[in-house]
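Dumped final-v5.txt below, it's compact mmCIF, C-alpha atoms and all ligand atoms:
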# COMPACT_ATOMS: atom_id res chain seq x y z
CA MET A 1 55.02 -19.21 -11.73
CA ASN A 2 52.18 -19.63 -9.26
CA LYS A 3 53.44 -22.22 -6.74
CA ARG A 4 50.26 -24.20 -6.68
CA LEU A 5 50.42 -24.61 -10.45
CA THR A 6 54.08 -25.66 -10.41
CA GLU A 7 53.41 -28.26 -7.76
CA ALA A 8 50.36 -29.54 -9.57
CA VAL A 9 52.28 -29.83 -12.82
CA ILE A 10 55.16 -31.67 -11.17
CA SER A 11 53.17 -34.02 -8.98
CA ARG A 12 50.61 -34.91 -11.58
CA PHE A 13 53.15 -35.70 -14.23
CA ARG A 14 55.88 -37.34 -12.22
CA ASN A 15 54.56 -40.77 -13.02
CA GLN A 16 52.86 -40.24 -16.31
CA GLU A 17 53.48 -42.69 -19.12
CA GLY A 18 53.99 -41.00 -22.48
CA PRO A 19 54.84 -37.35 -23.07
CA VAL A 20 53.15 -34.71 -20.94
CA CYS A 21 50.88 -32.18 -22.60
CA ALA A 22 48.24 -30.32 -20.65
CA PHE A 23 46.54 -27.06 -19.89
CA VAL A 24 46.43 -26.69 -16.12
CA TYR A 25 44.10 -24.06 -14.70
CA ASP A 26 44.07 -22.83 -11.13
CA LEU A 27 40.46 -21.85 -10.43
CA ASP A 28 41.37 -20.72 -6.94
CA HIS A 29 43.83 -18.22 -8.38
CA LEU A 30 41.14 -17.10 -10.84
CA HIS A 31 38.67 -16.63 -8.02
CA ARG A 32 41.07 -14.63 -5.87
CA HIS A 33 42.33 -12.50 -8.76
CA VAL A 34 38.90 -11.55 -10.04
CA ARG A 35 37.52 -10.96 -6.57
CA LYS A 36 40.34 -8.48 -6.03
CA VAL A 37 39.64 -6.83 -9.38
CA MET A 38 36.00 -6.42 -8.39
CA GLU A 39 36.82 -5.08 -4.93
CA LEU A 40 38.92 -2.30 -6.40
CA LEU A 41 36.47 -1.35 -9.15
CA PRO A 42 35.06 2.13 -8.39
CA GLU A 43 31.38 2.75 -7.81
CA ARG A 44 29.17 3.18 -10.84
CA CYS A 45 31.29 0.71 -12.79
CA GLU A 46 30.37 -2.76 -13.97
CA MET A 47 32.73 -5.54 -15.06
CA TYR A 48 31.60 -8.08 -17.63
CA TYR A 49 33.71 -11.05 -18.66
CA ALA A 50 34.44 -11.21 -22.41
CA MET A 51 33.86 -14.89 -22.86
CA LYS A 52 35.80 -15.36 -26.07
CA ALA A 53 39.06 -15.29 -24.07
CA ASN A 54 38.16 -18.64 -22.48
CA SER A 55 34.62 -19.99 -22.42
CA GLU A 56 35.29 -23.33 -20.71
CA ARG A 57 32.52 -24.22 -18.28
CA PRO A 58 34.64 -24.22 -15.04
CA VAL A 59 35.91 -20.72 -15.87
CA LEU A 60 32.40 -19.41 -16.45
CA GLU A 61 31.08 -21.04 -13.30
CA THR A 62 33.90 -19.59 -11.22
CA LEU A 63 33.34 -16.12 -12.64
CA ALA A 64 29.53 -16.01 -12.69
CA PRO A 65 29.12 -15.12 -8.99
CA LEU A 66 31.92 -12.53 -9.13
CA VAL A 67 31.37 -10.36 -12.22
CA HIS A 68 28.36 -8.28 -13.27
CA GLY A 69 27.76 -10.40 -16.34
CA PHE A 70 29.15 -12.00 -19.48
CA GLU A 71 29.95 -10.37 -22.80
CA VAL A 72 29.22 -12.74 -25.69
CA ALA A 73 29.72 -12.55 -29.44
CA SER A 74 27.80 -15.47 -30.94
CA GLY A 75 24.69 -17.59 -30.50
CA GLY A 76 26.93 -20.35 -29.14
CA GLU A 77 28.31 -18.04 -26.47
CA ILE A 78 24.80 -16.95 -25.49
CA ARG A 79 24.01 -20.64 -24.91
CA LYS A 80 27.18 -21.18 -22.85
CA ALA A 81 26.46 -18.09 -20.76
CA ARG A 82 22.94 -19.30 -20.01
CA GLU A 83 24.21 -22.80 -19.13
CA ALA A 84 26.67 -21.31 -16.63
CA GLY A 85 24.17 -18.91 -15.07
CA GLU A 86 20.45 -18.94 -15.78
CA THR A 87 19.96 -15.33 -14.74
CA ILE A 88 23.37 -13.74 -15.19
CA PRO A 89 23.23 -10.54 -17.28
CA VAL A 90 24.50 -11.09 -20.82
CA ILE A 91 25.52 -8.41 -23.31
CA PHE A 92 25.91 -9.27 -26.97
CA GLY A 93 28.35 -7.78 -29.51
CA GLY A 94 30.20 -8.77 -32.67
CA PRO A 95 30.28 -7.50 -36.24
CA GLY A 96 28.36 -10.26 -38.06
CA LYS A 97 25.26 -11.16 -36.10
CA THR A 98 22.66 -13.18 -38.00
CA ASP A 99 18.89 -12.65 -37.68
CA GLU A 100 18.74 -16.03 -35.94
CA GLU A 101 21.29 -14.92 -33.33
CA LEU A 102 19.56 -11.60 -32.77
CA GLU A 103 16.25 -13.35 -32.30
CA LYS A 104 17.84 -15.80 -29.88
CA ALA A 105 19.34 -12.86 -27.98
CA ILE A 106 15.92 -11.25 -27.58
CA ARG A 107 14.27 -14.51 -26.57
CA MET A 108 17.03 -15.42 -24.12
CA ARG A 109 16.74 -12.09 -22.34
CA VAL A 110 20.08 -10.58 -23.30
CA SER A 111 20.33 -7.25 -21.47
CA LEU A 112 22.00 -5.18 -24.16
CA ILE A 113 22.94 -5.56 -27.80
CA HIS A 114 25.96 -3.73 -29.20
CA ALA A 115 24.82 -2.59 -32.63
CA GLU A 116 27.65 -2.50 -35.14
CA SER A 117 26.00 -0.98 -38.24
CA LEU A 118 22.91 0.83 -39.47
CA HIS A 119 21.75 -2.28 -41.30
CA GLU A 120 21.97 -4.24 -38.07
CA LEU A 121 19.89 -1.60 -36.28
CA ARG A 122 17.25 -1.79 -38.99
CA ARG A 123 17.15 -5.57 -38.69
CA LEU A 124 16.83 -5.27 -34.92
CA ALA A 125 13.96 -2.80 -35.21
CA HIS A 126 12.23 -5.17 -37.61
CA LEU A 127 12.75 -8.20 -35.34
CA ALA A 128 11.59 -6.35 -32.24
CA GLN A 129 8.41 -5.47 -34.09
CA LYS A 130 7.90 -9.07 -35.16
CA LEU A 131 8.48 -10.40 -31.62
CA ASP A 132 6.46 -7.60 -30.09
CA GLY A 133 9.38 -6.71 -27.82
CA GLU A 134 11.80 -3.92 -27.12
CA VAL A 135 15.58 -4.05 -27.45
CA ARG A 136 18.09 -1.98 -25.59
CA VAL A 137 21.22 -1.15 -27.53
CA LEU A 138 24.58 0.51 -27.31
CA LEU A 139 26.00 1.89 -30.53
CA ARG A 140 29.47 0.61 -31.20
CA VAL A 141 31.52 3.42 -32.67
CA ASN A 142 34.79 3.21 -34.57
CA LEU A 143 36.35 6.46 -33.38
CA ALA A 144 38.63 8.48 -35.62
CA GLY A 145 41.42 8.36 -33.05
CA PRO A 146 44.35 8.61 -33.04
CA PHE A 147 44.86 6.35 -30.03
CA PRO A 148 48.00 6.43 -27.91
CA ALA A 149 50.71 3.97 -28.95
CA GLY A 150 51.31 0.84 -26.91
CA ALA A 151 48.44 -1.48 -27.73
CA THR A 152 48.98 -4.76 -29.59
CA LEU A 153 45.80 -4.65 -31.68
CA HIS A 154 43.60 -1.76 -32.75
CA MET A 155 39.91 -2.18 -33.48
CA ALA A 156 39.29 1.53 -34.09
CA GLY A 157 41.08 4.64 -35.32
CA ARG A 158 41.77 2.75 -38.55
CA PRO A 159 39.83 0.72 -41.11
CA THR A 160 38.29 -2.34 -39.39
CA ALA A 161 35.06 -4.34 -39.46
CA PHE A 162 34.04 -2.94 -36.09
CA GLY A 163 31.44 -0.36 -35.26
CA ILE A 164 30.00 2.65 -37.00
CA ASP A 165 32.38 5.22 -38.42
CA GLU A 166 32.48 8.21 -36.10
CA ARG A 167 31.52 10.48 -39.00
CA ASP A 168 28.28 8.54 -39.57
CA VAL A 169 27.12 8.68 -35.96
CA PRO A 170 24.90 11.81 -36.34
CA THR A 171 23.01 10.30 -39.30
CA VAL A 172 22.51 7.00 -37.49
CA LEU A 173 21.28 8.78 -34.36
CA GLU A 174 18.69 10.66 -36.40
CA GLU A 175 17.42 7.47 -38.04
CA LEU A 176 17.34 5.69 -34.65
CA LYS A 177 14.80 8.19 -33.37
CA ARG A 178 12.26 6.62 -35.72
CA PHE A 179 12.68 3.10 -34.32
CA ARG A 180 10.19 2.94 -31.47
CA ARG A 181 11.22 -0.50 -30.27
CA VAL A 182 14.94 0.10 -30.17
CA ARG A 183 16.03 1.99 -27.09
CA LEU A 184 19.46 3.59 -27.21
CA GLU A 185 21.15 3.31 -23.81
CA GLY A 186 24.57 4.60 -24.76
CA PHE A 187 27.77 4.01 -26.69
CA HIS A 188 30.26 1.18 -26.90
CA PHE A 189 33.95 1.64 -27.64
CA HIS A 190 36.36 -1.26 -27.67
CA SER A 191 39.27 0.27 -29.53
CA VAL A 192 42.51 -1.25 -28.31
CA SER A 193 43.83 -4.55 -27.09
CA ASN A 194 46.59 -5.30 -24.60
CA HIS A 195 47.11 -1.87 -23.12
CA LEU A 196 49.76 -1.94 -20.41
CA GLN A 197 49.86 1.67 -19.26
CA GLU A 198 47.31 2.72 -16.66
CA GLU A 199 47.59 6.41 -17.57
CA THR A 200 47.11 5.97 -21.32
CA HIS A 201 44.13 3.71 -20.73
CA LEU A 202 42.58 6.42 -18.58
CA GLN A 203 43.20 8.91 -21.39
CA VAL A 204 41.36 6.66 -23.81
CA ILE A 205 38.39 6.39 -21.43
CA ARG A 206 38.36 10.17 -20.95
CA HIS A 207 38.17 10.49 -24.74
CA TYR A 208 35.21 8.05 -24.83
CA MET A 209 33.39 10.07 -22.18
CA SER A 210 33.83 13.34 -23.98
CA LYS A 211 32.59 11.91 -27.30
CA ALA A 212 29.55 10.24 -25.73
CA LYS A 213 28.64 13.38 -23.77
CA ARG A 214 28.88 15.50 -26.87
CA TRP A 215 26.57 13.26 -28.89
CA ALA A 216 24.12 13.03 -25.99
CA LYS A 217 23.97 16.81 -25.80
CA GLU A 218 23.82 17.52 -29.52
CA HIS A 219 21.09 14.94 -30.14
CA GLY A 220 19.13 15.31 -26.91
CA LEU A 221 19.71 11.70 -25.80
CA ALA A 222 18.89 10.41 -22.31
CA LEU A 223 21.65 7.81 -21.91
CA THR A 224 22.41 5.43 -19.05
CA ARG A 225 25.59 3.62 -20.10
CA LEU A 226 29.01 3.88 -21.59
CA ASN A 227 30.88 0.70 -22.42
CA ALA A 228 34.66 1.17 -22.45
CA GLY A 229 35.31 -2.37 -23.75
CA GLY A 230 38.22 -4.56 -22.68
CA GLY A 231 41.81 -4.24 -23.68
CA ILE A 232 43.53 -4.20 -20.29
CA GLY A 233 46.74 -5.99 -21.08
CA VAL A 234 49.04 -8.71 -19.90
CA ASN A 235 52.75 -8.03 -20.07
CA TYR A 236 54.14 -11.18 -21.68
CA ARG A 237 57.64 -9.66 -21.92
CA GLU A 238 58.12 -8.71 -18.29
CA LEU A 239 55.98 -10.87 -16.10
CA ASP A 240 56.82 -8.85 -12.99
CA ASN A 241 55.59 -5.66 -14.54
CA GLN A 242 51.84 -6.08 -15.02
CA PHE A 243 49.05 -3.54 -15.51
CA ASP A 244 48.52 -1.99 -12.09
CA TRP A 245 44.81 -2.35 -11.52
CA ALA A 246 44.86 -0.53 -8.16
CA THR A 247 46.54 2.55 -9.65
CA PHE A 248 44.19 2.47 -12.62
CA CYS A 249 41.11 2.19 -10.40
CA SER A 250 42.16 5.08 -8.23
CA GLY A 251 42.60 7.31 -11.32
CA LEU A 252 39.35 5.96 -12.69
CA GLY A 253 37.46 6.88 -9.53
CA GLU A 254 38.62 10.49 -9.90
CA LEU A 255 37.80 10.54 -13.59
CA ILE A 256 34.28 9.26 -12.93
CA GLU A 257 33.75 11.86 -10.27
CA ARG A 258 34.78 14.66 -12.63
CA GLU A 259 33.50 13.52 -16.00
CA LEU A 260 30.83 10.81 -15.93
CA PRO A 261 27.26 12.16 -15.98
CA GLU A 262 25.43 11.14 -12.81
CA THR A 263 22.89 8.87 -14.46
CA TRP A 264 25.50 6.85 -16.40
CA THR A 265 27.12 3.53 -15.56
CA LEU A 266 30.60 2.82 -16.92
CA MET A 267 30.96 -0.72 -18.20
CA PHE A 268 34.06 -2.81 -18.86
CA GLU A 269 34.23 -6.12 -20.69
CA CYS A 270 37.63 -7.63 -20.04
CA GLY A 271 38.84 -10.99 -21.26
CA ARG A 272 42.61 -11.36 -21.14
CA PHE A 273 43.13 -9.44 -17.93
CA LEU A 274 40.74 -11.68 -16.02
CA THR A 275 41.72 -15.16 -17.21
CA ALA A 276 45.25 -15.11 -18.67
CA SER A 277 47.04 -15.60 -15.36
CA CYS A 278 45.03 -18.61 -14.19
CA GLY A 279 46.36 -21.09 -16.74
CA VAL A 280 49.58 -22.68 -17.97
CA TYR A 281 50.31 -24.92 -20.91
CA ALA A 282 52.75 -27.63 -19.81
CA THR A 283 54.49 -29.78 -22.41
CA GLU A 284 57.35 -32.23 -22.51
CA VAL A 285 60.46 -31.79 -24.63
CA ILE A 286 60.50 -34.76 -27.01
CA ASP A 287 63.61 -33.81 -28.96
CA LEU A 288 66.46 -31.31 -28.96
CA LYS A 289 68.47 -30.57 -32.08
CA SER A 290 70.59 -27.91 -33.73
CA ASN A 291 70.86 -26.80 -37.31
CA HIS A 292 72.13 -23.71 -39.10
CA GLY A 293 73.43 -22.44 -35.78
CA GLU A 294 70.10 -22.53 -33.92
CA THR A 295 68.93 -25.02 -31.27
CA PHE A 296 65.36 -26.31 -31.30
CA ALA A 297 63.35 -27.89 -28.52
CA ILE A 298 60.49 -29.86 -30.02
CA ILE A 299 57.60 -30.22 -27.61
CA ARG A 300 54.67 -32.59 -27.47
CA GLY A 301 51.95 -30.22 -28.65
CA GLY A 302 52.38 -26.82 -30.30
CA THR A 303 50.44 -23.97 -31.79
CA HIS A 304 47.48 -26.23 -32.62
CA HIS A 305 46.85 -26.19 -28.85
CA PHE A 306 48.31 -22.82 -28.04
CA ARG A 307 48.17 -20.47 -31.01
CA LEU A 308 48.64 -17.22 -29.11
CA PRO A 309 52.42 -16.82 -29.69
CA ALA A 310 52.03 -17.56 -33.41
CA SER A 311 49.07 -15.22 -33.69
CA TRP A 312 50.89 -12.38 -31.96
CA GLN A 313 54.33 -13.24 -33.30
CA HIS A 314 55.83 -13.01 -29.85
CA ASN A 315 58.07 -15.16 -27.67
CA HIS A 316 55.71 -16.63 -25.17
CA PRO A 317 57.17 -16.65 -21.64
CA PHE A 318 57.92 -20.10 -20.24
CA GLU A 319 59.66 -21.82 -17.37
CA VAL A 320 61.60 -25.05 -17.48
CA VAL A 321 60.51 -27.63 -14.93
CA PRO A 322 63.26 -30.27 -14.64
CA VAL A 323 62.20 -33.91 -14.70
CA GLU A 324 64.78 -36.33 -13.33
CA LYS A 325 63.25 -39.51 -14.66
CA TRP A 326 65.23 -41.02 -17.60
CA ASN A 327 64.99 -44.71 -18.31
CA ARG A 328 66.28 -45.03 -21.83
CA PRO A 329 69.43 -47.12 -22.40
CA PHE A 330 71.27 -44.26 -24.13
CA PRO A 331 72.45 -40.73 -23.24
CA ARG A 332 70.04 -37.90 -22.57
CA LYS A 333 70.72 -34.83 -24.71
CA GLU A 334 70.89 -31.51 -22.93
CA ILE A 335 71.86 -27.89 -23.51
CA ARG A 336 73.26 -25.42 -20.97
CA GLU A 337 73.31 -21.61 -21.03
CA GLU A 338 72.19 -21.47 -24.61
CA PRO A 339 69.36 -19.86 -26.51
CA VAL A 340 66.62 -22.24 -27.60
CA THR A 341 63.75 -22.02 -30.07
CA VAL A 342 60.66 -23.85 -28.84
CA VAL A 343 58.59 -25.46 -31.58
CA GLY A 344 55.67 -27.87 -31.73
CA GLN A 345 54.95 -31.10 -33.58
CA LEU A 346 53.35 -29.54 -36.65
CA CYS A 347 55.02 -29.82 -40.05
CA THR A 348 55.32 -26.08 -40.60
CA PRO A 349 57.97 -23.56 -39.52
CA LYS A 350 55.12 -21.38 -38.22
CA ASP A 351 54.67 -23.76 -35.32
CA THR A 352 57.02 -21.70 -33.15
CA LEU A 353 56.17 -20.62 -29.60
CA ALA A 354 59.38 -18.80 -28.63
CA ARG A 355 62.54 -18.02 -30.58
CA ASN A 356 66.13 -17.87 -29.33
CA VAL A 357 65.31 -17.58 -25.65
CA PRO A 358 68.26 -18.25 -23.28
CA VAL A 359 67.80 -21.17 -20.89
CA GLY A 360 70.04 -22.32 -18.03
CA ARG A 361 69.64 -26.01 -18.66
CA LEU A 362 67.22 -27.98 -20.77
CA ARG A 363 67.07 -31.71 -21.39
CA ILE A 364 64.92 -34.01 -23.45
CA GLY A 365 62.16 -35.08 -21.08
CA ASP A 366 62.04 -31.80 -19.12
CA LEU A 367 58.81 -29.82 -19.10
CA ILE A 368 58.35 -26.44 -20.70
CA VAL A 369 55.55 -24.60 -18.97
CA PHE A 370 54.10 -21.61 -20.81
CA GLN A 371 52.79 -18.95 -18.46
CA TYR A 372 49.68 -16.76 -18.81
CA ALA A 373 48.01 -19.33 -21.04
CA GLY A 374 44.54 -18.99 -19.52
CA ALA A 375 43.22 -16.53 -22.12
CA TYR A 376 43.26 -16.89 -25.91
CA GLY A 377 45.12 -20.20 -25.60
CA TRP A 378 43.15 -23.34 -26.30
CA ALA A 379 40.18 -21.10 -27.19
CA ILE A 380 41.75 -19.69 -30.36
CA SER A 381 43.66 -22.74 -31.59
CA HIS A 382 43.07 -25.05 -34.57
CA HIS A 383 42.93 -28.24 -32.52
CA ASP A 384 42.66 -30.81 -35.27
CA PHE A 385 45.26 -29.58 -37.72
CA LEU A 386 47.48 -32.67 -38.27
CA SER A 387 45.22 -34.81 -36.08
CA HIS A 388 47.51 -35.04 -33.06
CA PRO A 389 45.88 -35.92 -29.74
CA HIS A 390 44.41 -33.08 -27.71
CA PRO A 391 46.09 -31.97 -24.47
CA ASP A 392 44.70 -32.88 -21.05
CA HIS A 393 42.71 -30.17 -19.30
CA VAL A 394 43.31 -30.10 -15.56
CA TRP A 395 41.25 -27.94 -13.22
CA LEU A 396 42.50 -27.15 -9.72
CA PRO A 397 39.37 -26.27 -7.73
CA VAL A 398 38.45 -23.15 -5.79
CA GLU A 399 39.26 -23.76 -2.13
CA ARG A 400 36.50 -23.15 0.33
CA ARG A 401 37.61 -20.64 2.90
CA GLU A 402 36.28 -19.82 6.36
CA ALA A 403 35.23 -16.37 5.20
CA ASP A 404 33.20 -17.83 2.33
CA ARG A 405 31.48 -20.28 4.62
CA GLU A 406 30.53 -17.54 7.05
CA SER A 407 29.00 -15.40 4.36
CA VAL A 408 26.78 -18.24 3.09
C1 LIG B 1 37.68 -9.36 -27.48
C2 LIG B 1 36.79 -8.32 -26.99
C3 LIG B 1 36.87 -7.92 -25.65
C4 LIG B 1 37.90 -8.45 -24.68
O1 LIG B 1 39.14 -8.02 -25.03
P1 LIG B 1 40.40 -8.26 -24.06
O2 LIG B 1 41.51 -7.64 -24.80
O3 LIG B 1 40.55 -9.72 -23.90
O4 LIG B 1 40.10 -7.61 -22.77
C5 LIG B 1 35.97 -6.97 -25.21
N1 LIG B 1 35.04 -6.45 -26.05
C6 LIG B 1 34.94 -6.81 -27.33
C7 LIG B 1 33.89 -6.21 -28.17
C8 LIG B 1 35.82 -7.75 -27.84
O5 LIG B 1 35.73 -8.08 -29.12

Please re-express this file's structure in structure tokens.
Ligand SMILES: *Cc1c(COP(=O)(O)O)cnc(C)c1O
Amino acid sequence: MNKRLTEAVISRFRNQEGPVCAFVYDLDHLHRHVRKVMELLPERCEMYYAMKANSERPVLETLAPLVHGFEVASGGEIRKAREAGETIPVIFGGPGKTDEELEKAIRMRVSLIHAESLHELRRLAHLAQKLDGEVRVLLRVNLAGPFPAGATLHMAGRPTAFGIDERDVPTVLEELKRFRRVRLEGFHFHSVSNHLQEETHLQVIRHYMSKAKRWAKEHGLALTRLNAGGGIGVNYRELDNQFDWATFCSGLGELIERELPETWTLMFECGRFLTASCGVYATEVIDLKSNHGETFAIIRGGTHHFRLPASWQHNHPFEVVPVEKWNRPFPRKEIREEPVTVVGQLCTPKDTLARNVPVGRLRIGDLIVFQYAGAYGWAISHHDFLSHPHPDHVWLPVERREADRESV
């Protein structure tokens, strides 16, 4: 675990009354990580932050000066993006946009809309006419695939709500030519989630390029952009073996040189890869018990705060932070060198965050600190199920450095 986070968790909670339960975010780590990501990004690429991973204000404000823009998927996210950065470029996707949201997008100067169906394109053309404006779009395509194995979720290459079926693209392109106020800038492909292999991700992008170039040629399109989506993964199983961004970027630079038409920009819209590592979810063990041969640690909190492990059906990685304080007049239960199943306070067996994971020593009152909880954690959870109190949210600030001061 990031040392600054560990220390913050320990010092903050040493004297707390009542069980600990908090998301702790290290904005300085976020700043350094994303700055590094941006430094390595090859020329002619742009990185947008997919806000649905974590749209808390301090995250957006930390990222706004670093990334090329925000990717949003609702009217609410457009508002949050504008609150965090008046002029930051915003691109707008999602399969079920309402007329109201599309109109808001046009009025709030969204740079690009990712059109997900022919009906949506027709509505956009109609709205642009009504507002006497012009909209720039990327067509989101659900490619036939197949995609290389290794991703956790697939949005394309199989039946999903996302994008236009690859087979329908020629028909849609022909109809688009009649919409004077809708300008096609390129294609959008967000097909996989949580890719961990640099080489296979490059293969997927190569596939996107070849499809987009073929359509551009066959239909005489003057395109400027290709959006390769997000999907760069986090390795929750082996924390020391993460997606190697430097290796990926060096392969990407070569790929761009060889394959990307000169007038095109390659866009990315990453969520998880940018924000997962900046946050932890720290909770106190309020009971330890065994039944039917399995030992359970019951924590203050659970999947109503941190739904990711339940959603992905994985064991979420955690560390035990020992707490020495014990002032009850009876023995403190502990386990040693034993597997433990970590569950929350909800009255359902689905409230499980990790199953049968060996721990060295764990006592009631110790802290369990879930790692890589900065993306799709609090953001995707059903906070009020069972009406337990919400966790604290702690933000460790970005440190001002000499170099930053000089550049101001
Ligand atoms: C969720 C989403 C992303 C971000 O995905 P990550 O796996 O978090 O990088 C990017 N683009 C679209 C269209 C999405 O729906």

Which residues form the shell of 10 Å around ligand LIG 1 (chain B) when you count all atoms listed in the file, given as a PDB file with C-alpha atoms, in the frame of the given file?
ATOM      1  CA  TYR A  48      31.600  -8.080 -17.630  1.00  0.00           C
ATOM      2  CA  TYR A  49      33.710 -11.050 -18.660  1.00  0.00           C
ATOM      3  CA  ALA A  50      34.440 -11.210 -22.410  1.00  0.00           C
ATOM      4  CA  MET A  51      33.860 -14.890 -22.860  1.00  0.00           C
ATOM      5  CA  LYS A  52      35.800 -15.360 -26.070  1.00  0.00           C
ATOM      6  CA  ALA A  53      39.060 -15.290 -24.070  1.00  0.00           C
ATOM      7  CA  ASN A  54      38.160 -18.640 -22.480  1.00  0.00           C
ATOM      8  CA  GLU A  71      29.950 -10.370 -22.800  1.00  0.00           C
ATOM      9  CA  VAL A  72      29.220 -12.740 -25.690  1.00  0.00           C
ATOM     10  CA  ALA A  73      29.720 -12.550 -29.440  1.00  0.00           C
ATOM     11  CA  ILE A  91      25.520  -8.410 -23.310  1.00  0.00           C
ATOM     12  CA  PHE A  92      25.910  -9.270 -26.970  1.00  0.00           C
ATOM     13  CA  GLY A  93      28.350  -7.780 -29.510  1.00  0.00           C
ATOM     14  CA  GLY A  94      30.200  -8.770 -32.670  1.00  0.00           C
ATOM     15  CA  PRO A  95      30.280  -7.500 -36.240  1.00  0.00           C
ATOM     16  CA  HIS A 114      25.960  -3.730 -29.200  1.00  0.00           C
ATOM     17  CA  ARG A 140      29.470   0.610 -31.200  1.00  0.00           C
ATOM     18  CA  ALA A 151      48.440  -1.480 -27.730  1.00  0.00           C
ATOM     19  CA  THR A 152      48.980  -4.760 -29.590  1.00  0.00           C
ATOM     20  CA  LEU A 153      45.800  -4.650 -31.680  1.00  0.00           C
ATOM     21  CA  MET A 155      39.910  -2.180 -33.480  1.00  0.00           C
ATOM     22  CA  PHE A 162      34.040  -2.940 -36.090  1.00  0.00           C
ATOM     23  CA  GLY A 163      31.440  -0.360 -35.260  1.00  0.00           C
ATOM     24  CA  HIS A 188      30.260   1.180 -26.900  1.00  0.00           C
ATOM     25  CA  PHE A 189      33.950   1.640 -27.640  1.00  0.00           C
ATOM     26  CA  HIS A 190      36.360  -1.260 -27.670  1.00  0.00           C
ATOM     27  CA  SER A 191      39.270   0.270 -29.530  1.00  0.00           C
ATOM     28  CA  VAL A 192      42.510  -1.250 -28.310  1.00  0.00           C
ATOM     29  CA  SER A 193      43.830  -4.550 -27.090  1.00  0.00           C
ATOM     30  CA  ASN A 194      46.590  -5.300 -24.600  1.00  0.00           C
ATOM     31  CA  HIS A 195      47.110  -1.870 -23.120  1.00  0.00           C
ATOM     32  CA  ASN A 227      30.880   0.700 -22.420  1.00  0.00           C
ATOM     33  CA  ALA A 228      34.660   1.170 -22.450  1.00  0.00           C
ATOM     34  CA  GLY A 229      35.310  -2.370 -23.750  1.00  0.00           C
ATOM     35  CA  GLY A 230      38.220  -4.560 -22.680  1.00  0.00           C
ATOM     36  CA  GLY A 231      41.810  -4.240 -23.680  1.00  0.00           C
ATOM     37  CA  ILE A 232      43.530  -4.200 -20.290  1.00  0.00           C
ATOM     38  CA  GLY A 233      46.740  -5.990 -21.080  1.00  0.00           C
ATOM     39  CA  VAL A 234      49.040  -8.710 -19.900  1.00  0.00           C
ATOM     40  CA  PHE A 268      34.060  -2.810 -18.860  1.00  0.00           C
ATOM     41  CA  GLU A 269      34.230  -6.120 -20.690  1.00  0.00           C
ATOM     42  CA  CYS A 270      37.630  -7.630 -20.040  1.00  0.00           C
ATOM     43  CA  GLY A 271      38.840 -10.990 -21.260  1.00  0.00           C
ATOM     44  CA  ARG A 272      42.610 -11.360 -21.140  1.00  0.00           C
ATOM     45  CA  PHE A 273      43.130  -9.440 -17.930  1.00  0.00           C
ATOM     46  CA  LEU A 274      40.740 -11.680 -16.020  1.00  0.00           C
ATOM     47  CA  THR A 275      41.720 -15.160 -17.210  1.00  0.00           C
ATOM     48  CA  ALA A 276      45.250 -15.110 -18.670  1.00  0.00           C
ATOM     49  CA  ALA A 375      43.220 -16.530 -22.120  1.00  0.00           C
ATOM     50  CA  TYR A 376      43.260 -16.890 -25.910  1.00  0.00           C
TER      51      TYR A 376
END

query: So what do you get for atom CA of Asp244 of chain A versus atom CA of Met47 of chain A, distance-wise?
result: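 One can read the atom CA of Asp244 of chain A to atom CA of Met47 of chain A distance as 16.5 Å.
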
Excluding segment 125-136 of chain A and residues on its chain fewer than 2 positions from it, collect all residues at most 10 Å away from it, counting all atoms listed in the file, and give them as an mmCIF file with C-alpha atoms, in the coordinates of the input.
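So result23.cif came out as:
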data_model
loop_
_atom_site.group_PDB
_atom_site.id
_atom_site.type_symbol
_atom_site.label_atom_id
_atom_site.label_comp_id
_atom_site.auth_asym_id
_atom_site.auth_seq_id
_atom_site.Cartn_x
_atom_site.Cartn_y
_atom_site.Cartn_z
ATOM 1 C CA ASP A 99 18.890 -12.650 -37.680
ATOM 2 C CA GLU A 100 18.740 -16.030 -35.940
ATOM 3 C CA LEU A 102 19.560 -11.600 -32.770
ATOM 4 C CA GLU A 103 16.250 -13.350 -32.300
ATOM 5 C CA ALA A 105 19.340 -12.860 -27.980
ATOM 6 C CA ILE A 106 15.920 -11.250 -27.580
ATOM 7 C CA ARG A 107 14.270 -14.510 -26.570
ATOM 8 C CA ARG A 109 16.740 -12.090 -22.340
ATOM 9 C CA VAL A 110 20.080 -10.580 -23.300
ATOM 10 C CA SER A 111 20.330 -7.250 -21.470
ATOM 11 C CA LEU A 112 22.000 -5.180 -24.160
ATOM 12 C CA ILE A 113 22.940 -5.560 -27.800
ATOM 13 C CA HIS A 114 25.960 -3.730 -29.200
ATOM 14 C CA ALA A 115 24.820 -2.590 -32.630
ATOM 15 C CA HIS A 119 21.750 -2.280 -41.300
ATOM 16 C CA GLU A 120 21.970 -4.240 -38.070
ATOM 17 C CA LEU A 121 19.890 -1.600 -36.280
ATOM 18 C CA ARG A 122 17.250 -1.790 -38.990
ATOM 19 C CA ARG A 123 17.150 -5.570 -38.690
ATOM 20 C CA LEU A 138 24.580 0.510 -27.310
ATOM 21 C CA LEU A 176 17.340 5.690 -34.650
ATOM 22 C CA ARG A 178 12.260 6.620 -35.720
ATOM 23 C CA PHE A 179 12.680 3.100 -34.320
ATOM 24 C CA ARG A 180 10.190 2.940 -31.470
ATOM 25 C CA ARG A 181 11.220 -0.500 -30.270
ATOM 26 C CA VAL A 182 14.940 0.100 -30.170
ATOM 27 C CA ARG A 183 16.030 1.990 -27.090
ATOM 28 C CA LEU A 184 19.460 3.590 -27.210
ATOM 29 C CA GLU A 185 21.150 3.310 -23.810
ATOM 30 C CA GLY A 186 24.570 4.600 -24.760
#
